[in-house]
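Chemist: Data: work25.tsv, TSV, C-alpha atoms.
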chain	number	residue	atom	x	y	z
K	1	MET	CA	-15.78	12.72	21.56
K	2	LYS	CA	-15.83	16.16	19.91
K	3	CYS	CA	-14.19	17.29	16.69
K	4	ARG	CA	-11.10	19.38	17.43
K	5	THR	CA	-12.05	21.88	14.75
K	6	CYS	CA	-15.83	22.42	15.05
K	7	ARG	CA	-16.71	20.69	18.37
K	8	GLY	CA	-19.34	18.60	16.55
K	9	PRO	CA	-19.57	14.82	17.10
K	10	ALA	CA	-16.32	13.09	16.10
K	11	ILE	CA	-16.15	10.00	13.91
K	12	ILE	CA	-12.49	9.15	14.47
K	13	ASP	CA	-9.89	9.53	17.16
K	14	LEU	CA	-6.28	10.03	16.06
K	15	PRO	CA	-3.96	9.60	19.03
K	16	ARG	CA	-0.88	10.71	17.06
K	17	HIS	CA	-2.50	14.12	16.59
K	18	ASN	CA	-3.98	14.01	20.10
K	19	ALA	CA	-7.24	14.92	18.36
K	20	ASN	CA	-10.64	13.71	17.20
K	21	PHE	CA	-12.33	14.81	13.99
K	22	CYS	CA	-15.80	14.89	12.40
K	23	ALA	CA	-16.03	13.61	8.81
K	24	GLU	CA	-15.63	17.03	7.19
K	25	HIS	CA	-12.60	18.05	9.23
K	26	PHE	CA	-11.01	14.62	9.01
K	27	LEU	CA	-11.06	14.94	5.20
K	28	GLN	CA	-9.71	18.48	5.50
K	29	MET	CA	-6.82	17.22	7.66
K	30	CYS	CA	-6.00	14.49	5.11
K	31	ARG	CA	-6.06	16.95	2.18
K	32	ARG	CA	-3.74	19.30	4.06
K	33	GLN	CA	-1.28	16.49	4.81
K	34	VAL	CA	-1.20	15.49	1.13
K	35	GLU	CA	-0.82	19.11	-0.01
K	36	LYS	CA	2.04	19.56	2.47
K	37	ALA	CA	3.82	16.42	1.19
K	38	ILE	CA	3.36	17.53	-2.43
K	39	HIS	CA	4.62	21.05	-1.64
K	40	ASP	CA	7.52	20.15	0.68
K	41	HIS	CA	8.95	17.56	-1.71
K	42	GLN	CA	7.99	19.29	-4.99
K	43	MET	CA	6.10	16.18	-6.09
K	44	LEU	CA	3.53	17.50	-8.57
K	45	ASN	CA	2.39	20.51	-10.56
K	46	LYS	CA	-1.22	21.14	-11.53
K	47	SER	CA	-0.20	20.94	-15.22
K	48	ASP	CA	1.42	17.48	-14.85
K	49	ARG	CA	-0.03	14.45	-16.61
K	50	ILE	CA	-0.16	11.95	-13.76
K	51	LEU	CA	-0.37	8.16	-13.91
K	52	VAL	CA	-1.61	6.54	-10.68
K	53	ALA	CA	-0.59	2.95	-10.01
K	54	VAL	CA	-3.85	1.41	-8.75
K	55	SER	CA	-4.42	-2.00	-7.17
K	56	GLY	CA	-8.04	-1.86	-5.96
K	57	GLY	CA	-6.81	-1.44	-2.38
K	58	LYS	CA	-7.51	1.51	-0.07
K	59	ASP	CA	-4.29	3.44	-0.58
K	60	SER	CA	-4.15	3.60	-4.37
K	61	LEU	CA	-7.86	4.37	-4.75
K	62	ALA	CA	-7.64	6.99	-1.98
K	63	VAL	CA	-4.66	8.75	-3.55
K	64	TRP	CA	-6.35	8.77	-6.95
K	65	ASP	CA	-9.52	10.19	-5.35
K	66	MET	CA	-7.53	12.84	-3.46
K	67	LEU	CA	-5.58	14.00	-6.49
K	68	ILE	CA	-8.78	14.43	-8.52
K	69	ASP	CA	-10.37	16.15	-5.51
K	70	LEU	CA	-7.40	18.56	-5.32
K	71	GLY	CA	-7.70	19.42	-9.03
K	72	TYR	CA	-4.95	17.28	-10.55
K	73	GLN	CA	-5.25	15.49	-13.89
K	74	ALA	CA	-4.69	11.79	-13.14
K	75	ASP	CA	-5.27	8.56	-15.05
K	76	GLY	CA	-4.98	5.06	-13.56
K	77	LEU	CA	-3.05	1.94	-14.47
K	78	TYR	CA	-4.02	-1.47	-13.07
K	79	VAL	CA	-1.85	-4.56	-13.53
K	80	ALA	CA	-3.80	-7.85	-13.44
K	81	LEU	CA	-1.42	-10.14	-11.57
K	82	GLY	CA	-3.28	-13.43	-11.97
K	83	ILE	CA	-3.49	-14.16	-8.23
K	84	GLY	CA	-6.75	-16.10	-8.53
K	85	GLU	CA	-10.00	-14.64	-7.14
K	86	TYR	CA	-8.07	-11.94	-5.30
K	87	SER	CA	-6.95	-10.39	-8.59
K	88	GLU	CA	-10.39	-10.70	-10.17
K	89	GLU	CA	-12.02	-8.95	-7.20
K	90	SER	CA	-9.41	-6.20	-6.98
K	91	ARG	CA	-9.79	-5.49	-10.70
K	92	GLY	CA	-13.56	-5.20	-10.22
K	93	TYR	CA	-13.15	-2.62	-7.44
K	94	THR	CA	-10.71	-0.61	-9.57
K	95	GLU	CA	-12.89	-0.64	-12.68
K	96	ARG	CA	-16.01	0.35	-10.72
K	97	PHE	CA	-14.13	3.23	-9.05
K	98	ALA	CA	-12.96	4.56	-12.43
K	99	ASP	CA	-16.32	4.04	-14.16
K	100	GLU	CA	-18.33	5.78	-11.43
K	101	ARG	CA	-16.09	8.84	-11.62
K	102	GLY	CA	-15.51	8.90	-15.37
K	103	LEU	CA	-11.76	8.43	-14.95
K	104	LYS	CA	-9.44	6.89	-17.51
K	105	LEU	CA	-8.13	3.47	-16.47
K	106	THR	CA	-5.71	1.27	-18.43
K	107	VAL	CA	-5.48	-2.43	-17.59
K	108	VAL	CA	-2.40	-4.53	-18.32
K	109	SER	CA	-2.79	-8.29	-17.84
K	110	LEU	CA	0.32	-10.34	-17.11
K	111	ARG	CA	-1.35	-13.50	-18.42
K	112	ASP	CA	-3.01	-12.02	-21.53
K	113	ASP	CA	-0.27	-9.56	-22.49
K	114	TYR	CA	2.90	-11.35	-21.34
K	115	GLY	CA	1.90	-15.02	-20.99
K	116	TYR	CA	2.46	-15.49	-17.25
K	117	ASP	CA	1.06	-14.70	-13.80
K	118	ILE	CA	2.65	-14.14	-10.39
K	119	PRO	CA	2.29	-17.70	-9.02
K	120	THR	CA	3.85	-19.09	-12.21
K	121	ALA	CA	6.64	-16.49	-12.21
K	122	SER	CA	7.46	-17.36	-8.62
K	123	ARG	CA	7.73	-21.07	-9.41
K	124	ALA	CA	9.57	-20.59	-12.72
K	125	THR	CA	12.21	-18.19	-11.42
K	126	GLY	CA	12.55	-19.29	-7.80
K	127	ARG	CA	11.81	-15.73	-6.67
K	128	VAL	CA	9.49	-15.22	-3.71
K	129	PRO	CA	6.08	-14.17	-5.11
K	130	CYS	CA	6.21	-10.63	-3.65
K	131	SER	CA	9.56	-10.08	-5.38
K	132	ALA	CA	8.25	-11.25	-8.78
K	133	CYS	CA	5.15	-9.10	-8.24
K	134	GLY	CA	7.05	-5.94	-7.27
K	135	MET	CA	9.50	-6.27	-10.12
K	136	SER	CA	6.74	-6.86	-12.70
K	137	LYS	CA	4.69	-3.91	-11.48
K	138	ARG	CA	7.65	-1.50	-11.37
K	139	HIS	CA	8.62	-2.37	-14.94
K	140	LEU	CA	5.07	-2.06	-16.28
K	141	PHE	CA	4.33	1.21	-14.48
K	142	ASP	CA	7.59	2.69	-15.82
K	143	LYS	CA	6.83	1.46	-19.33
K	144	ALA	CA	3.24	2.76	-19.31
K	145	ALA	CA	4.38	6.16	-18.05
K	146	ILE	CA	7.11	6.55	-20.66
K	147	ASP	CA	4.99	5.16	-23.54
K	148	GLY	CA	1.96	7.25	-22.52
K	149	GLY	CA	3.91	10.49	-22.17
K	150	TYR	CA	3.08	10.92	-18.47
K	151	ASP	CA	5.14	13.35	-16.40
K	152	VAL	CA	5.01	11.38	-13.18
K	153	VAL	CA	3.90	8.07	-11.63
K	154	VAL	CA	2.03	8.30	-8.31
K	155	THR	CA	1.95	5.36	-5.91
K	156	GLY	CA	-0.18	4.93	-2.79
K	157	HIS	CA	2.65	4.18	-0.35
K	158	ASN	CA	1.59	5.56	3.03
K	159	LEU	CA	3.38	6.41	6.27
K	160	ASP	CA	3.11	2.82	7.56
K	161	ASP	CA	4.54	1.39	4.32
K	162	GLU	CA	7.51	3.74	4.38
K	163	ALA	CA	8.16	3.32	8.11
K	164	ALA	CA	8.09	-0.48	7.71
K	165	VAL	CA	10.55	-0.41	4.78
K	166	LEU	CA	12.79	1.97	6.72
K	167	PHE	CA	12.64	-0.35	9.73
K	168	GLY	CA	13.58	-3.38	7.59
K	169	ASN	CA	16.45	-1.55	5.91
K	170	ALA	CA	17.73	-0.21	9.23
K	171	LEU	CA	17.61	-3.66	10.84
K	172	ARG	CA	19.97	-4.94	8.14
K	173	TRP	CA	21.86	-1.64	7.73
K	174	GLU	CA	21.17	-1.59	4.02
K	175	VAL	CA	22.83	1.79	3.61
K	176	GLU	CA	22.30	2.12	-0.14
K	177	TYR	CA	18.61	1.22	0.17
K	178	LEU	CA	18.29	3.71	3.04
K	179	ALA	CA	19.88	6.41	0.90
K	180	ARG	CA	17.35	5.80	-1.88
K	181	GLN	CA	14.24	5.61	0.30
K	182	LEU	CA	12.90	9.00	-0.70
K	183	PRO	CA	9.33	10.17	-1.45
K	184	VAL	CA	10.40	11.49	-4.86
K	185	LEU	CA	12.53	9.61	-7.37
K	186	PRO	CA	13.40	12.08	-10.13
K	187	SER	CA	13.10	11.17	-13.79
K	188	ARG	CA	16.44	9.88	-15.07
K	189	HIS	CA	18.02	7.47	-17.56
K	190	GLY	CA	14.66	6.57	-19.12
K	191	PHE	CA	12.89	6.01	-15.77
K	192	PRO	CA	9.86	8.23	-15.08
K	193	LYS	CA	9.57	10.47	-12.02
K	194	LYS	CA	7.84	8.65	-9.14
K	195	VAL	CA	6.22	10.23	-6.10
K	196	LYS	CA	4.42	9.14	-2.91
K	197	PRO	CA	1.92	11.80	-1.80
K	198	LEU	CA	0.56	9.72	1.14
K	199	ILE	CA	3.76	9.63	3.20
K	200	ARG	CA	2.25	11.85	5.91
K	201	LEU	CA	-0.90	9.72	6.34
K	202	SER	CA	-1.22	6.42	8.15
K	203	GLU	CA	-2.79	3.22	6.90
K	204	ARG	CA	-5.69	3.66	9.35
K	205	GLU	CA	-6.27	7.19	8.07
K	206	MET	CA	-6.33	5.99	4.45
K	207	ALA	CA	-8.87	3.27	5.23
K	208	ALA	CA	-10.94	5.89	7.08
K	209	TRP	CA	-10.72	8.23	4.07
K	210	CYS	CA	-12.24	5.47	1.92
K	211	VAL	CA	-15.06	4.78	4.39
K	212	VAL	CA	-15.94	8.47	4.73
K	213	ARG	CA	-15.78	9.07	0.97
K	214	GLY	CA	-17.82	5.93	0.20
K	215	ILE	CA	-15.00	4.23	-1.74
K	216	ASP	CA	-15.39	0.46	-2.01
K	217	TYR	CA	-12.02	-1.25	-2.02
K	218	ILE	CA	-10.71	-4.76	-1.57
K	219	VAL	CA	-10.41	-5.26	2.18
K	220	ASP	CA	-9.10	-8.80	2.02
K	221	GLU	CA	-5.33	-9.16	2.06
K	222	CYS	CA	-3.45	-10.61	-0.89
K	223	PRO	CA	-3.38	-14.33	0.02
K	224	ILE	CA	0.26	-14.60	-0.95
K	225	ALA	CA	1.41	-11.50	0.95
K	226	ALA	CA	-0.43	-12.51	4.15
K	227	GLY	CA	2.06	-13.00	6.98
K	228	ASN	CA	5.08	-11.69	5.06
K	229	LYS	CA	8.02	-9.94	6.72
K	230	HIS	CA	6.78	-6.49	5.74
K	231	ILE	CA	3.52	-7.03	7.63
K	232	GLY	CA	5.55	-8.23	10.63
K	233	PHE	CA	7.48	-4.92	10.62
K	234	LYS	CA	4.19	-3.00	10.51
K	235	GLU	CA	2.83	-4.93	13.48
K	236	ALA	CA	6.01	-4.26	15.46
K	237	LEU	CA	5.80	-0.52	14.71
K	238	ASN	CA	2.09	-0.46	15.58
K	239	ALA	CA	2.87	-2.02	18.96
K	240	LEU	CA	5.22	0.92	19.60
K	241	GLU	CA	2.67	3.39	18.22
K	242	GLU	CA	0.00	2.17	20.66
K	243	LYS	CA	2.30	2.86	23.61
K	244	SER	CA	3.70	6.09	22.18
K	245	PRO	CA	1.44	7.74	19.56
K	246	GLY	CA	3.38	9.58	16.86
K	247	THR	CA	6.29	7.11	16.83
K	248	LYS	CA	5.86	6.10	13.16
K	249	ALA	CA	5.62	9.69	11.96
K	250	SER	CA	8.62	10.88	13.95
K	251	TYR	CA	10.63	7.83	12.82
K	252	TYR	CA	10.00	8.18	9.08
K	253	LEU	CA	9.52	11.93	8.73
K	254	GLY	CA	12.52	12.46	11.03
K	255	PHE	CA	14.53	10.19	8.73
K	256	LEU	CA	13.59	12.35	5.73
K	257	ASP	CA	14.38	15.52	7.59
K	258	ARG	CA	17.62	14.62	9.35
K	259	MET	CA	19.08	11.34	8.06
K	260	ALA	CA	18.35	11.37	4.31
K	261	PRO	CA	20.50	14.50	3.75
K	262	VAL	CA	23.42	12.75	5.48
K	263	LEU	CA	23.05	9.75	3.16
K	264	ALA	CA	22.52	11.78	-0.04
K	265	GLY	CA	26.04	11.21	-1.44
K	266	ILE	CA	25.70	7.44	-1.07
K	267	GLY	CA	22.39	7.40	-2.93
K	268	ALA	CA	23.92	9.27	-5.87
K	269	SER	CA	26.90	6.90	-6.31
K	270	GLY	CA	26.49	4.16	-8.89
K	271	ALA	CA	23.31	5.78	-10.26
K	272	ASP	CA	24.79	6.33	-13.73
K	273	SER	CA	25.57	2.71	-14.73
K	274	VAL	CA	22.42	2.18	-16.80
K	275	THR	CA	22.08	0.73	-20.31
K	276	ALA	CA	19.12	-0.13	-22.55
K	277	CYS	CA	17.76	-3.70	-22.49
K	278	THR	CA	18.57	-5.27	-25.85
K	279	ARG	CA	15.12	-6.88	-25.96
K	280	CYS	CA	12.60	-4.24	-24.78
K	281	GLY	CA	14.73	-1.09	-24.66
K	282	ALA	CA	13.93	-0.39	-21.01
K	283	PRO	CA	16.71	1.00	-18.83
K	284	THR	CA	18.59	-1.68	-16.92
K	285	GLY	CA	21.51	-1.75	-14.51
K	286	GLY	CA	23.27	-4.57	-16.40
K	287	GLU	CA	26.30	-4.31	-18.68
K	288	GLU	CA	26.08	-3.06	-22.26
K	289	GLY	CA	24.22	-5.60	-24.42
K	290	SER	CA	22.35	-7.27	-21.56
K	291	VAL	CA	18.67	-8.20	-21.16
K	292	CYS	CA	16.68	-6.58	-18.30
K	293	ALA	CA	15.40	-8.57	-15.31
K	294	PHE	CA	11.77	-8.22	-16.48
K	295	CYS	CA	12.47	-9.72	-19.92
K	296	ARG	CA	14.39	-12.58	-18.29
K	297	LEU	CA	11.45	-13.20	-15.93
K	298	VAL	CA	8.95	-13.15	-18.82
K	299	GLU	CA	11.07	-15.58	-20.84
K	300	ARG	CA	11.27	-18.14	-18.05
K	301	SER	CA	7.70	-17.70	-16.76
K	302	ALA	CA	5.89	-17.75	-20.11
K	303	ALA	CA	7.61	-21.04	-20.97
K	304	HIS	CA	6.49	-22.61	-17.67
K	305	GLU	CA	3.26	-24.53	-17.23
K	306	PRO	CA	0.74	-22.32	-15.32
K	307	VAL	CA	0.93	-22.69	-11.52
K	308	SER	CA	-2.12	-22.12	-9.30
K	309	VAL	CA	-2.22	-19.77	-6.30
K	310	GLU	CA	-3.18	-22.73	-4.11
K	311	LEU	CA	0.06	-24.51	-5.00
K	312	ILE	CA	2.15	-21.49	-4.00
K	313	LEU	CA	0.19	-21.10	-0.75
K	314	LYS	CA	0.61	-24.79	0.05
K	315	LYS	CA	4.36	-24.53	-0.46
K	316	SER	CA	4.52	-21.38	1.67
K	317	ARG	CA	2.59	-23.08	4.52
K	318	SER	CA	4.79	-26.18	4.46
K	319	GLN	CA	7.96	-24.01	4.53
K	320	LYS	CA	6.64	-22.09	7.55
K	321	ARG	CA	5.77	-25.37	9.28
K	322	ALA	CA	9.26	-26.71	8.64
K	323	GLN	CA	10.85	-23.51	9.95
K	324	SER	CA	8.69	-23.69	13.04
K	325	GLU	CA	9.71	-27.31	13.66
K	326	VAL	CA	13.39	-26.42	13.27
K	327	ALA	CA	12.96	-23.51	15.71
K	328	GLN	CA	11.28	-25.77	18.27
K	329	SER	CA	13.84	-28.59	18.01
B	1	MET	CA	-24.28	-7.47	19.07
B	2	LYS	CA	-23.17	-9.01	15.83
B	3	VAL	CA	-19.50	-8.38	15.01
B	4	ILE	CA	-18.15	-8.98	11.52
B	5	LEU	CA	-14.43	-9.71	11.32
B	6	ARG	CA	-12.30	-9.87	8.17
B	7	ASN	CA	-9.34	-11.82	6.78
B	8	PRO	CA	-10.97	-14.30	6.81
B	9	ARG	CA	-14.53	-12.97	6.91
B	10	ARG	CA	-16.50	-14.35	9.89
B	11	GLU	CA	-19.17	-13.26	12.36
B	12	ILE	CA	-19.28	-13.52	16.13
B	13	GLU	CA	-21.92	-12.59	18.73
B	14	ILE	CA	-20.96	-10.46	21.73
B	15	GLU	CA	-23.36	-10.26	24.67
B	16	GLY	CA	-24.26	-6.83	26.08
B	17	ARG	CA	-23.00	-3.31	25.44
B	18	ARG	CA	-19.40	-2.28	24.94
B	19	ARG	CA	-17.35	0.81	24.27
B	20	VAL	CA	-15.36	0.61	21.01
B	21	HIS	CA	-11.97	0.54	22.76
B	22	GLY	CA	-13.22	-2.11	25.17
B	23	LEU	CA	-14.49	-4.33	22.36
B	24	LEU	CA	-11.18	-4.12	20.47
B	25	ALA	CA	-9.20	-4.88	23.63
B	26	GLU	CA	-11.48	-7.82	24.46
B	27	LEU	CA	-10.86	-9.29	21.00
B	28	GLY	CA	-7.11	-8.59	21.18
B	29	LEU	CA	-7.22	-6.28	18.16
B	30	PRO	CA	-4.86	-3.25	18.13
B	31	ARG	CA	-6.63	0.07	17.71
B	32	GLU	CA	-3.90	1.36	15.38
B	33	SER	CA	-4.57	-1.33	12.81
B	34	HIS	CA	-8.40	-1.48	12.87
B	35	LEU	CA	-11.44	0.66	12.15
B	36	VAL	CA	-14.86	0.08	13.70
B	37	ILE	CA	-17.80	0.70	11.36
B	38	ARG	CA	-21.54	0.80	12.15
B	39	ASN	CA	-24.08	1.25	9.35
B	40	GLY	CA	-21.36	2.42	6.98
B	41	THR	CA	-20.11	5.07	9.42
B	42	LEU	CA	-16.93	5.17	11.47
B	43	VAL	CA	-17.35	4.93	15.22
B	44	PRO	CA	-14.78	6.62	17.52
B	45	GLY	CA	-13.10	4.90	20.45
B	46	ASP	CA	-15.24	6.09	23.37
B	47	GLU	CA	-18.60	5.47	21.67
B	48	GLU	CA	-20.89	2.91	23.25
B	49	LEU	CA	-22.07	0.09	21.03
B	50	ASP	CA	-25.57	-1.22	21.65
B	51	LYS	CA	-26.41	-4.88	22.09
B	52	ASP	CA	-28.46	-4.81	18.87
B	53	ASP	CA	-25.79	-3.16	16.72
B	54	VAL	CA	-24.16	-4.80	13.72
B	55	ILE	CA	-20.48	-3.85	13.77
B	56	GLU	CA	-17.71	-4.40	11.26
B	57	ILE	CA	-14.16	-4.44	12.57
B	58	ARG	CA	-12.00	-3.76	9.54
B	59	PRO	CA	-8.25	-4.42	9.55
B	60	VAL	CA	-6.22	-1.76	7.76
B	61	ILE	CA	-2.79	-3.38	7.37
B	62	SER	CA	-1.84	-4.41	3.85
B	63	GLY	CA	1.29	-6.22	2.83
B	64	GLY	CA	1.84	-5.48	-0.84
B	65	MET	CA	4.46	-3.00	-1.92
Using structure tokens, write down the structure that the file contains.
Modeler:
Amino acid sequence: MKCRTCRGPAIIDLPRHNANFCAEHFLQMCRRQVEKAIHDHQMLNKSDRILVAVSGGKDSLAVWDMLIDLGYQADGLYVALGIGEYSEESRGYTERFADERGLKLTVVSLRDDYGYDIPTASRATGRVPCSACGMSKRHLFDKAAIDGGYDVVVTGHNLDDEAAVLFGNALRWEVEYLARQLPVLPSRHGFPKKVKPLIRLSEREMAAWCVVRGIDYIVDECPIAAGNKHIGFKEALNALEEKSPGTKASYYLGFLDRMAPVLAGIGASGADSVTACTRCGAPTGGEEGSVCAFCRLVERSAAHEPVSVELILKKSRSQKRAQSEVAQS
Amino acid sequence: MKVILRNPRREIEIEGRRRVHGLLAELGLPRESHLVIRNGTLVPGDEELDKDDVIEIRPVISGGM
């Protein structure tokens, strides 16, 4: 296989572009896709103070690397979730990445700073672990950005992530969620601006970026997320992509281009009913005088005896077994 | 060749030579959700893998949001 640009030996084939690339021109293609996303959606300015939400996985480390590579000023924030060895390893990858490049990284620990971890929060609140995790991270990224005076929070959501969320929302016709599924959430009501510069790059391309750039990241999947619905949506879309390359990009980027404008009025409605949490001061959708969902989660989780990851996994496996038995009966 | 698989990490032996696409198909692994790496370098789909190669097949799907 030859590189489309220089005709040298290729290192990767990208069926959706009907092209192969050498290392140099693969990186060039990725940079151009990120620059196009940033430009088309007015995500970032070179003078912005940027906070990157990093997990130790390929996408967040890749987006941090790319932004620095493109001349942006970006610090990192890692949230230690307390998911056993997985969290310890992912923190190690993140800290090594930052140390080797002389980048500023802030670490917030759920257990040390708030008295709980994700397995315990899941058990204490009855939320599925991924829900407790997402809610905790969103709150802490928002808080760190506002407290630290950052202009914008960057997340490593890629094309596959966005296409899978779109697919899930479309399957259930969650019209309000569809209307809000945009690559830029503007700053408003005490929430920081949030952007997703990787929306034009696939998960495979982000992993390849890390390999080519020599970035070590945690390859193993979060043990709690393994087999969740979101991964099922990705697998379904990848099955379509294999038969018809370009499907994911045309689905999600076509949504942004042609469907999101149609839904814009729906996304704007109800956006103004925000008050300040009486406990932490963070913006919340509740009535005047209410406590935000994060503070309620902390209160219940910190009072609960610590729960191990293994216990949550055991419960998850037994639930799946029971569902399977019901389906077969 | 020795093939290293992930999630969970394990190793298998494959007899003889294979092209990258052929190896993935034989193992039932979709091309869109995997990378093939030899000596720290990506290997494209039509490349032939030697019987003495050590290959990592790395999944790229992640589930966290």
Chemist: Which residues are near region 38-55 of chain B? Cut-off 7 Å, all atoms listed in the file, ignore same chain within fewer than 5 positions. Put them as a PyMOL selection string.
Modeler: (chain K and resi 1+10-13) or (chain B and resi 1-4+15-21)
Chemist: Centre and edge lengths of an axis-aligned box around all listed atoms of region 32-50 of chain B, with 4 Å added on each side, are to be given in Å to one decimal, as AutoDock Vina command-line options.
Modeler:
--center_x -14.7 --center_y 2.6 --center_z 15.2 --size_x 29.7 --size_y 16.1 --size_z 24.4
Chemist: Output as a PyMOL selection string the set of chain B residues within 10 Å of chain K, with distances taken over all atoms listed in the file.
Modeler: chain B and resi 6-9+30-37+40-47+58-65
Chemist: What's the separation between CA of His17 (chain K) and CA of Gly246 (chain K), in Å to one decimal place?
Modeler: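 Straight-line distance from CA of His17 (chain K) to CA of Gly246 (chain K) works out to 7.4 Å.
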Chemist: Check the smallest atom-to-atom distance from each of K:Thr120, K:Thr247, K:Asn45, K:Ser308 to Leu67 (chain K) using only C-alpha atoms, then report the winner.
Modeler: K:Asn45
Chemist: Dig up all the protein and nucleic acid residues within 12 Å of (16.0, 6.4, -17.0) in the file frame, using all atoms listed in the file, and format them as a PDB file with C-alpha atoms, in the frame of the given file.
Modeler:
ATOM      1  CA  HIS K 139       8.620  -2.370 -14.940  1.00  0.00           C
ATOM      2  CA  ASP K 142       7.590   2.690 -15.820  1.00  0.00           C
ATOM      3  CA  LYS K 143       6.830   1.460 -19.330  1.00  0.00           C
ATOM      4  CA  ALA K 145       4.380   6.160 -18.050  1.00  0.00           C
ATOM      5  CA  ILE K 146       7.110   6.550 -20.660  1.00  0.00           C
ATOM      6  CA  LEU K 185      12.530   9.610  -7.370  1.00  0.00           C
ATOM      7  CA  PRO K 186      13.400  12.080 -10.130  1.00  0.00           C
ATOM      8  CA  SER K 187      13.100  11.170 -13.790  1.00  0.00           C
ATOM      9  CA  ARG K 188      16.440   9.880 -15.070  1.00  0.00           C
ATOM     10  CA  HIS K 189      18.020   7.470 -17.560  1.00  0.00           C
ATOM     11  CA  GLY K 190      14.660   6.570 -19.120  1.00  0.00           C
ATOM     12  CA  PHE K 191      12.890   6.010 -15.770  1.00  0.00           C
ATOM     13  CA  PRO K 192       9.860   8.230 -15.080  1.00  0.00           C
ATOM     14  CA  LYS K 193       9.570  10.470 -12.020  1.00  0.00           C
ATOM     15  CA  LYS K 194       7.840   8.650  -9.140  1.00  0.00           C
ATOM     16  CA  ALA K 271      23.310   5.780 -10.260  1.00  0.00           C
ATOM     17  CA  ASP K 272      24.790   6.330 -13.730  1.00  0.00           C
ATOM     18  CA  SER K 273      25.570   2.710 -14.730  1.00  0.00           C
ATOM     19  CA  VAL K 274      22.420   2.180 -16.800  1.00  0.00           C
ATOM     20  CA  THR K 275      22.080   0.730 -20.310  1.00  0.00           C
ATOM     21  CA  ALA K 276      19.120  -0.130 -22.550  1.00  0.00           C
ATOM     22  CA  CYS K 277      17.760  -3.700 -22.490  1.00  0.00           C
ATOM     23  CA  GLY K 281      14.730  -1.090 -24.660  1.00  0.00           C
ATOM     24  CA  ALA K 282      13.930  -0.390 -21.010  1.00  0.00           C
ATOM     25  CA  PRO K 283      16.710   1.000 -18.830  1.00  0.00           C
ATOM     26  CA  THR K 284      18.590  -1.680 -16.920  1.00  0.00           C
ATOM     27  CA  GLY K 285      21.510  -1.750 -14.510  1.00  0.00           C
TER      28      GLY K 285
END
Chemist: Any idea what the distance is between CA of Asp65 (chain K) and CA of Val153 (chain K)?
Modeler: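 These atoms are spaced 15.0 Å apart.
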Chemist: Give me, please, the distance in Å between CA of Glu288 (chain K) and CA of Thr125 (chain K), quoted to one decimal.
Modeler: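 Spanning CA of Glu288 (chain K) to CA of Thr125 (chain K) is a straight-line distance of 23.2 Å.
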Chemist: List as JSON, numbers by chain the protein and nucleic acid residues near region 84-101 of chain K, meaning an atom at most 9 Å away when all atoms listed in the file are counted, but skip any in the same chain fewer than 3 places from it.
Modeler: {"K": [54, 55, 56, 57, 61, 76, 78, 79, 80, 81, 104, 105, 107, 215, 216, 217, 218, 220, 221, 222, 223, 308, 309, 310]}
